[in-house]
$ cat target05.pdb   # PDB, C-alpha atoms, pLDDT in the B column
ATOM      1  CA  MET A   1       8.519  13.775 -16.129  1.00 47.00           C
ATOM      2  CA  SER A   2       6.183  12.736 -13.359  1.00 80.00           C
ATOM      3  CA  LEU A   3       2.966  13.636 -15.186  1.00 93.00           C
ATOM      4  CA  ASP A   4       1.836  12.733 -18.693  1.00 93.00           C
ATOM      5  CA  VAL A   5       0.984  16.238 -19.853  1.00 93.00           C
ATOM      6  CA  SER A   6      -0.878  16.451 -23.137  1.00 92.00           C
ATOM      7  CA  PRO A   7       0.433  18.887 -25.739  1.00 93.00           C
ATOM      8  CA  ALA A   8      -2.796  20.907 -25.400  1.00 93.00           C
ATOM      9  CA  LEU A   9      -2.425  21.238 -21.626  1.00 93.00           C
ATOM     10  CA  LEU A  10       1.251  22.094 -21.940  1.00 92.00           C
ATOM     11  CA  GLU A  11       0.355  24.781 -24.484  1.00 92.00           C
ATOM     12  CA  LYS A  12      -2.203  26.256 -22.061  1.00 93.00           C
ATOM     13  CA  ALA A  13       0.393  26.280 -19.297  1.00 93.00           C
ATOM     14  CA  GLU A  14       2.862  28.066 -21.557  1.00 92.00           C
ATOM     15  CA  ARG A  15       0.250  30.749 -22.308  1.00 93.00           C
ATOM     16  CA  GLY A  16      -0.740  31.315 -18.677  1.00 91.00           C
ATOM     17  CA  GLU A  17      -2.726  29.813 -15.855  1.00 81.00           C
ATOM     18  CA  VAL A  18      -4.289  26.383 -16.223  1.00 88.00           C
ATOM     19  CA  ASP A  19      -7.686  25.471 -14.842  1.00 92.00           C
ATOM     20  CA  GLU A  20      -7.149  23.358 -11.717  1.00 95.00           C
ATOM     21  CA  ALA A  21      -9.753  20.816 -12.876  1.00 96.00           C
ATOM     22  CA  GLU A  22      -7.611  20.136 -15.954  1.00 96.00           C
ATOM     23  CA  PHE A  23      -4.551  19.739 -13.754  1.00 96.00           C
ATOM     24  CA  VAL A  24      -6.407  17.329 -11.444  1.00 97.00           C
ATOM     25  CA  ASP A  25      -7.515  15.291 -14.462  1.00 97.00           C
ATOM     26  CA  CYS A  26      -3.887  15.146 -15.634  1.00 96.00           C
ATOM     27  CA  VAL A  27      -2.886  13.857 -12.188  1.00 97.00           C
ATOM     28  CA  ARG A  28      -5.722  11.298 -12.248  1.00 98.00           C
ATOM     29  CA  THR A  29      -4.627   9.855 -15.583  1.00 97.00           C
ATOM     30  CA  SER A  30      -0.877  10.117 -14.935  1.00 97.00           C
ATOM     31  CA  LEU A  31      -0.827   8.648 -11.425  1.00 97.00           C
ATOM     32  CA  PRO A  32      -3.660   6.079 -11.389  1.00 97.00           C
ATOM     33  CA  TYR A  33      -2.382   4.086  -8.410  1.00 96.00           C
ATOM     34  CA  ALA A  34      -2.013   7.190  -6.247  1.00 96.00           C
ATOM     35  CA  TRP A  35      -5.391   8.492  -7.431  1.00 97.00           C
ATOM     36  CA  GLU A  36      -7.129   5.219  -6.604  1.00 97.00           C
ATOM     37  CA  MET A  37      -5.437   5.009  -3.208  1.00 96.00           C
ATOM     38  CA  ILE A  38      -6.518   8.512  -2.227  1.00 97.00           C
ATOM     39  CA  SER A  39     -10.006   8.087  -3.736  1.00 98.00           C
ATOM     40  CA  SER A  40     -10.583   4.877  -1.822  1.00 97.00           C
ATOM     41  CA  LEU A  41      -9.395   6.425   1.447  1.00 97.00           C
ATOM     42  CA  VAL A  42     -11.713   9.411   0.940  1.00 98.00           C
ATOM     43  CA  ALA A  43     -14.612   7.000   0.326  1.00 98.00           C
ATOM     44  CA  GLN A  44     -13.653   4.965   3.408  1.00 97.00           C
ATOM     45  CA  LEU A  45     -13.558   8.120   5.534  1.00 96.00           C
ATOM     46  CA  LYS A  46     -17.018   9.145   4.296  1.00 95.00           C
ATOM     47  CA  VAL A  47     -18.508   5.693   4.952  1.00 96.00           C
ATOM     48  CA  ASP A  48     -16.781   4.876   8.236  1.00 94.00           C
ATOM     49  CA  GLY A  49     -16.491   8.371   9.650  1.00 90.00           C
ATOM     50  CA  GLY A  50     -13.895   8.869  12.332  1.00 89.00           C
ATOM     51  CA  ASN A  51     -10.864  11.087  12.498  1.00 94.00           C
ATOM     52  CA  PHE A  52      -9.007   9.681   9.498  1.00 95.00           C
ATOM     53  CA  ALA A  53      -8.632   6.797   7.071  1.00 96.00           C
ATOM     54  CA  ASP A  54      -5.233   5.393   6.172  1.00 94.00           C
ATOM     55  CA  ASN A  55      -3.509   2.754   4.118  1.00 93.00           C
ATOM     56  CA  GLN A  56      -0.914   0.481   5.679  1.00 85.00           C
ATOM     57  CA  THR A  57      -0.405  -1.914   2.773  1.00 88.00           C
ATOM     58  CA  PRO A  58       2.789  -1.353   0.782  1.00 87.00           C
ATOM     59  CA  PRO A  59       2.356  -0.631  -2.938  1.00 90.00           C
ATOM     60  CA  PRO A  60       2.547  -3.697  -5.199  1.00 92.00           C
ATOM     61  CA  ASP A  61       5.616  -2.465  -7.101  1.00 92.00           C
ATOM     62  CA  GLU A  62       8.095   0.367  -7.520  1.00 90.00           C
ATOM     63  CA  GLN A  63       5.975   2.100 -10.163  1.00 93.00           C
ATOM     64  CA  ALA A  64       3.055   2.355  -7.726  1.00 93.00           C
ATOM     65  CA  ARG A  65       5.367   3.498  -4.936  1.00 90.00           C
ATOM     66  CA  GLY A  66       6.772   6.164  -7.241  1.00 91.00           C
ATOM     67  CA  GLN A  67       3.281   7.430  -7.998  1.00 93.00           C
ATOM     68  CA  LEU A  68       2.540   7.913  -4.304  1.00 93.00           C
ATOM     69  CA  LEU A  69       5.835   9.688  -3.777  1.00 91.00           C
ATOM     70  CA  ARG A  70       5.250  12.006  -6.747  1.00 92.00           C
ATOM     71  CA  ALA A  71       1.680  12.789  -5.724  1.00 94.00           C
ATOM     72  CA  LEU A  72       2.497  13.577  -2.124  1.00 92.00           C
ATOM     73  CA  ALA A  73       5.929  15.158  -2.512  1.00 91.00           C
ATOM     74  CA  SER A  74       4.760  17.785  -5.000  1.00 93.00           C
ATOM     75  CA  ASP A  75       3.191  20.807  -3.325  1.00 93.00           C
ATOM     76  CA  ALA A  76       1.124  21.544  -6.461  1.00 95.00           C
ATOM     77  CA  ILE A  77      -0.186  17.984  -6.841  1.00 95.00           C
ATOM     78  CA  ARG A  78      -0.810  17.451  -3.152  1.00 95.00           C
ATOM     79  CA  GLY A  79      -2.581  20.797  -2.808  1.00 96.00           C
ATOM     80  CA  ALA A  80      -4.758  20.177  -5.851  1.00 97.00           C
ATOM     81  CA  LEU A  81      -5.726  16.723  -4.556  1.00 98.00           C
ATOM     82  CA  GLN A  82      -6.580  18.120  -1.140  1.00 96.00           C
ATOM     83  CA  ARG A  83      -8.795  20.801  -2.666  1.00 97.00           C
ATOM     84  CA  HIS A  84     -10.393  18.358  -5.120  1.00 98.00           C
ATOM     85  CA  PHE A  85     -11.292  15.786  -2.463  1.00 98.00           C
ATOM     86  CA  GLY A  86     -11.883  18.263   0.365  1.00 97.00           C
ATOM     87  CA  VAL A  87      -9.456  16.566   2.749  1.00 97.00           C
ATOM     88  CA  ARG A  88      -6.029  17.005   4.268  1.00 95.00           C
ATOM     89  CA  LEU A  89      -3.426  14.444   3.230  1.00 95.00           C
ATOM     90  CA  ALA A  90      -0.685  13.046   5.428  1.00 92.00           C
ATOM     91  CA  PHE A  91       2.111  10.689   4.436  1.00 88.00           C
ATOM     92  CA  GLN A  92       4.555   8.425   6.299  1.00 81.00           C
ATOM     93  CA  ASN A  93       7.231   6.172   4.874  1.00 70.00           C
ATOM     94  CA  CYS A  94       6.761   4.927   1.344  1.00 67.00           C
ATOM     95  CA  HIS A  95       3.134   3.931   1.532  1.00 71.00           C
ATOM     96  CA  ARG A  96       1.213   5.086   4.579  1.00 83.00           C
ATOM     97  CA  VAL A  97      -1.167   7.655   3.168  1.00 90.00           C
ATOM     98  CA  ALA A  98      -3.904   9.096   5.371  1.00 92.00           C
ATOM     99  CA  VAL A  99      -6.823  11.397   4.666  1.00 94.00           C
ATOM    100  CA  PHE A 100      -8.208  13.690   7.332  1.00 91.00           C
ATOM    101  CA  PRO A 101     -11.381  15.753   7.139  1.00 93.00           C
ATOM    102  CA  LEU A 102     -11.003  19.521   6.989  1.00 91.00           C
ATOM    103  CA  ASP A 103     -12.842  19.735  10.300  1.00 87.00           C
ATOM    104  CA  SER A 104     -10.632  21.341  12.934  1.00 85.00           C
ATOM    105  CA  SER A 105     -11.841  18.814  15.526  1.00 80.00           C
ATOM    106  CA  VAL A 106      -9.267  16.332  14.149  1.00 80.00           C
ATOM    107  CA  ASP A 107      -6.318  18.745  14.340  1.00 80.00           C
ATOM    108  CA  ASP A 108      -4.857  16.942  17.367  1.00 86.00           C
ATOM    109  CA  THR A 109      -5.133  13.557  15.621  1.00 78.00           C
ATOM    110  CA  LEU A 110      -3.453  14.967  12.509  1.00 69.00           C
ATOM    111  CA  ALA A 111      -0.706  16.516  14.646  1.00 79.00           C
ATOM    112  CA  ARG A 112      -0.075  13.147  16.330  1.00 81.00           C
ATOM    113  CA  PHE A 113      -0.045  11.328  12.957  1.00 73.00           C
ATOM    114  CA  THR A 114       2.481  13.764  11.507  1.00 70.00           C
ATOM    115  CA  SER A 115       4.616  14.061  14.639  1.00 66.00           C
ATOM    116  CA  VAL A 116       8.258  13.105  14.883  1.00 69.00           C
ATOM    117  CA  ARG A 117       7.282  10.431  17.412  1.00 70.00           C
ATOM    118  CA  SER A 118       4.781   8.819  15.032  1.00 64.00           C
ATOM    119  CA  GLN A 119       7.294   8.934  12.202  1.00 65.00           C
ATOM    120  CA  LEU A 120       9.858   7.131  14.345  1.00 69.00           C
ATOM    121  CA  LEU A 121       7.331   4.542  15.533  1.00 68.00           C
ATOM    122  CA  ASN A 122       6.309   3.829  11.930  1.00 67.00           C
ATOM    123  CA  GLN A 123       9.799   2.652  10.929  1.00 64.00           C
ATOM    124  CA  SER A 124      10.769  -0.917  10.156  1.00 62.00           C
ATOM    125  CA  PRO A 125      13.696  -2.616   8.408  1.00 60.00           C
ATOM    126  CA  GLU A 126      11.597  -3.713   5.405  1.00 58.00           C
ATOM    127  CA  PHE A 127      10.882  -0.070   4.577  1.00 52.00           C
ATOM    128  CA  ARG A 128      14.533   0.919   4.681  1.00 49.00           C
ATOM    129  CA  ASP A 129      14.867   1.202   0.886  1.00 53.00           C
ATOM    130  CA  CYS A 130      11.346   2.163  -0.038  1.00 53.00           C
TER     131      CYS A 130
END

$ encode --input "target05.pdb" --output "structure tokens"
Amino acid sequence: MSLDVSPALLEKAERGEVDEAEFVDCVRTSLPYAWEMISSLVAQLKVDGGNFADNQTPPPDEQARGQLLRALASDAIRGALQRHFGVRLAFQNCHRVAVFPLDSSVDDTLARFTSVRSQLLNQSPEFRDC
């Protein structure tokens, strides 16, 4: 299981819809490396401004890498994080996470970041098995 779901939260989910804030808190506690990475990028974007903020440092270990993959590969988790932080998330390789403001003025930058060309240019042999 990718998230540490408490019995109480699981029970709520079995009965019906779960409050998104509870889900976000479950993500925060279950995936602390991914949460901290995204939180710090959101803070960097707010302080520095610009079109986006991104991380280019590989995770320290496979557990951290797995957290990023789980957070960004799950539509539910990714969507909840985007709504919680008020950003758009983009992801390349095993570690390059970027946050973009919701402002449509950065749409071209986001399109370039998520393009096939950018994906190909962001490849390297050391990321082959990440």

$ residues_around --input "target05.pdb" --residues "segment 13-30 of chain A" --least-positions-apart "4" --cutoff "10 Å" --atoms "all atoms listed in the file" --output "PyMOL selection string"
chain A and resi 2-9+34-36+67+70-71+76-78+80-81+83-84

$ atom_distance --input "target05.pdb" --atom1 "atom CA of Gly66 of chain A" --atom2 "atom CA of Val106 of chain A"
28.6 Å

$ atom_distance --input "target05.pdb" --atom1 "atom CA of Asp75 of chain A" --atom2 "atom CA of His95 of chain A"
17.6 Å

$ atom_distance --input "target05.pdb" --atom1 "atom CA of Ser104 of chain A" --atom2 "atom CA of Leu69 of chain A"
26.2 Å

$ resolve_selection --input "target05.pdb" --expression "the PyMOL selection byres ((chain A and resi 55-63) around 9)" --output "list in words"
Tyr33, Met37, Leu41, Ala53, Asp54, Ala64, Arg65, Gly66, Gln67, Leu68, Cys94, His95, Arg96, Val97, Ala98 and Cys130 of chain A

$ closest_residue --input "target05.pdb" --among "A:Val87, A:Ala73, A:Ile38, A:Leu10" --to "Pro101 of chain A" --atoms "all atoms listed in the file"
A:Val87

$ resolve_selection --input "target05.pdb" --expression "the PyMOL selection byres ((chain A and resi 107-111) around 12)" --output "list in words"
Gly50, Asn51, Phe52, Ala53, Asp54, Val87, Arg88, Leu89, Ala90, Phe91, Ala98, Val99, Phe100, Pro101, Leu102, Asp103, Ser104, Ser105, Val106, Arg112, Phe113, Thr114, Ser115, Val116, Arg117, Ser118 and Gln119 of chain A

$ axis_aligned_box --input "target05.pdb" --around "segment 59-68 of chain A" --padding-each-side "5 Å" --output "lines of an AutoDock Vina configuration file"
center_x = 5.2
center_y = 2.1
center_z = -6.6
size_x = 15.7
size_y = 21.6
size_z = 17.2

$ build_atoms --input "target05.pdb" --residues "segment 60-80 of chain A" --atoms "N, CA and C atoms" --output "PDB file, keeping the file's coordinate frame"
ATOM      1  N   PRO A  60       2.187  -2.408  -4.605  1.00 92.00           N
ATOM      2  CA  PRO A  60       2.547  -3.697  -5.199  1.00 92.00           C
ATOM      3  C   PRO A  60       3.884  -3.696  -5.932  1.00 92.00           C
ATOM      4  N   ASP A  61       4.362  -2.522  -6.354  1.00 92.00           N
ATOM      5  CA  ASP A  61       5.616  -2.465  -7.101  1.00 92.00           C
ATOM      6  C   ASP A  61       6.212  -1.065  -7.020  1.00 92.00           C
ATOM      7  N   GLU A  62       7.389  -0.917  -7.586  1.00 90.00           N
ATOM      8  CA  GLU A  62       8.095   0.367  -7.520  1.00 90.00           C
ATOM      9  C   GLU A  62       7.377   1.459  -8.306  1.00 90.00           C
ATOM     10  N   GLN A  63       6.719   1.096  -9.393  1.00 93.00           N
ATOM     11  CA  GLN A  63       5.975   2.100 -10.163  1.00 93.00           C
ATOM     12  C   GLN A  63       4.867   2.707  -9.303  1.00 93.00           C
ATOM     13  N   ALA A  64       4.128   1.872  -8.599  1.00 93.00           N
ATOM     14  CA  ALA A  64       3.055   2.355  -7.726  1.00 93.00           C
ATOM     15  C   ALA A  64       3.630   3.195  -6.590  1.00 93.00           C
ATOM     16  N   ARG A  65       4.714   2.749  -6.008  1.00 90.00           N
ATOM     17  CA  ARG A  65       5.367   3.498  -4.936  1.00 90.00           C
ATOM     18  C   ARG A  65       5.798   4.873  -5.448  1.00 90.00           C
ATOM     19  N   GLY A  66       6.350   4.909  -6.640  1.00 91.00           N
ATOM     20  CA  GLY A  66       6.772   6.164  -7.241  1.00 91.00           C
ATOM     21  C   GLY A  66       5.607   7.117  -7.451  1.00 91.00           C
ATOM     22  N   GLN A  67       4.458   6.581  -7.813  1.00 93.00           N
ATOM     23  CA  GLN A  67       3.281   7.430  -7.998  1.00 93.00           C
ATOM     24  C   GLN A  67       2.877   8.092  -6.685  1.00 93.00           C
ATOM     25  N   LEU A  68       2.877   7.330  -5.608  1.00 93.00           N
ATOM     26  CA  LEU A  68       2.540   7.913  -4.304  1.00 93.00           C
ATOM     27  C   LEU A  68       3.537   9.000  -3.918  1.00 93.00           C
ATOM     28  N   LEU A  69       4.807   8.702  -4.122  1.00 91.00           N
ATOM     29  CA  LEU A  69       5.835   9.688  -3.777  1.00 91.00           C
ATOM     30  C   LEU A  69       5.665  10.959  -4.598  1.00 91.00           C
ATOM     31  N   ARG A  70       5.427  10.818  -5.903  1.00 92.00           N
ATOM     32  CA  ARG A  70       5.250  12.006  -6.747  1.00 92.00           C
ATOM     33  C   ARG A  70       4.017  12.792  -6.347  1.00 92.00           C
ATOM     34  N   ALA A  71       2.921  12.098  -6.072  1.00 94.00           N
ATOM     35  CA  ALA A  71       1.680  12.789  -5.724  1.00 94.00           C
ATOM     36  C   ALA A  71       1.798  13.548  -4.410  1.00 94.00           C
ATOM     37  N   LEU A  72       2.470  12.969  -3.442  1.00 92.00           N
ATOM     38  CA  LEU A  72       2.497  13.577  -2.124  1.00 92.00           C
ATOM     39  C   LEU A  72       3.717  14.455  -1.875  1.00 92.00           C
ATOM     40  N   ALA A  73       4.747  14.322  -2.686  1.00 91.00           N
ATOM     41  CA  ALA A  73       5.929  15.158  -2.512  1.00 91.00           C
ATOM     42  C   ALA A  73       5.814  16.480  -3.259  1.00 91.00           C
ATOM     43  N   SER A  74       4.946  16.555  -4.233  1.00 93.00           N
ATOM     44  CA  SER A  74       4.760  17.785  -5.000  1.00 93.00           C
ATOM     45  C   SER A  74       3.736  18.674  -4.308  1.00 93.00           C
ATOM     46  N   ASP A  75       4.127  19.881  -3.959  1.00 93.00           N
ATOM     47  CA  ASP A  75       3.191  20.807  -3.325  1.00 93.00           C
ATOM     48  C   ASP A  75       1.986  21.073  -4.228  1.00 93.00           C
ATOM     49  N   ALA A  76       2.220  21.247  -5.534  1.00 95.00           N
ATOM     50  CA  ALA A  76       1.124  21.544  -6.461  1.00 95.00           C
ATOM     51  C   ALA A  76       0.155  20.373  -6.567  1.00 95.00           C
ATOM     52  N   ILE A  77       0.680  19.160  -6.706  1.00 95.00           N
ATOM     53  CA  ILE A  77      -0.186  17.984  -6.841  1.00 95.00           C
ATOM     54  C   ILE A  77      -0.919  17.725  -5.537  1.00 95.00           C
ATOM     55  N   ARG A  78      -0.196  17.715  -4.459  1.00 95.00           N
ATOM     56  CA  ARG A  78      -0.810  17.451  -3.152  1.00 95.00           C
ATOM     57  C   ARG A  78      -1.897  18.478  -2.844  1.00 95.00           C
ATOM     58  N   GLY A  79      -1.601  19.745  -3.058  1.00 96.00           N
ATOM     59  CA  GLY A  79      -2.581  20.797  -2.808  1.00 96.00           C
ATOM     60  C   GLY A  79      -3.823  20.655  -3.674  1.00 96.00           C
ATOM     61  N   ALA A  80      -3.619  20.346  -4.947  1.00 97.00           N
ATOM     62  CA  ALA A  80      -4.758  20.177  -5.851  1.00 97.00           C
ATOM     63  C   ALA A  80      -5.613  18.980  -5.430  1.00 97.00           C
TER      64      ALA A  80
END
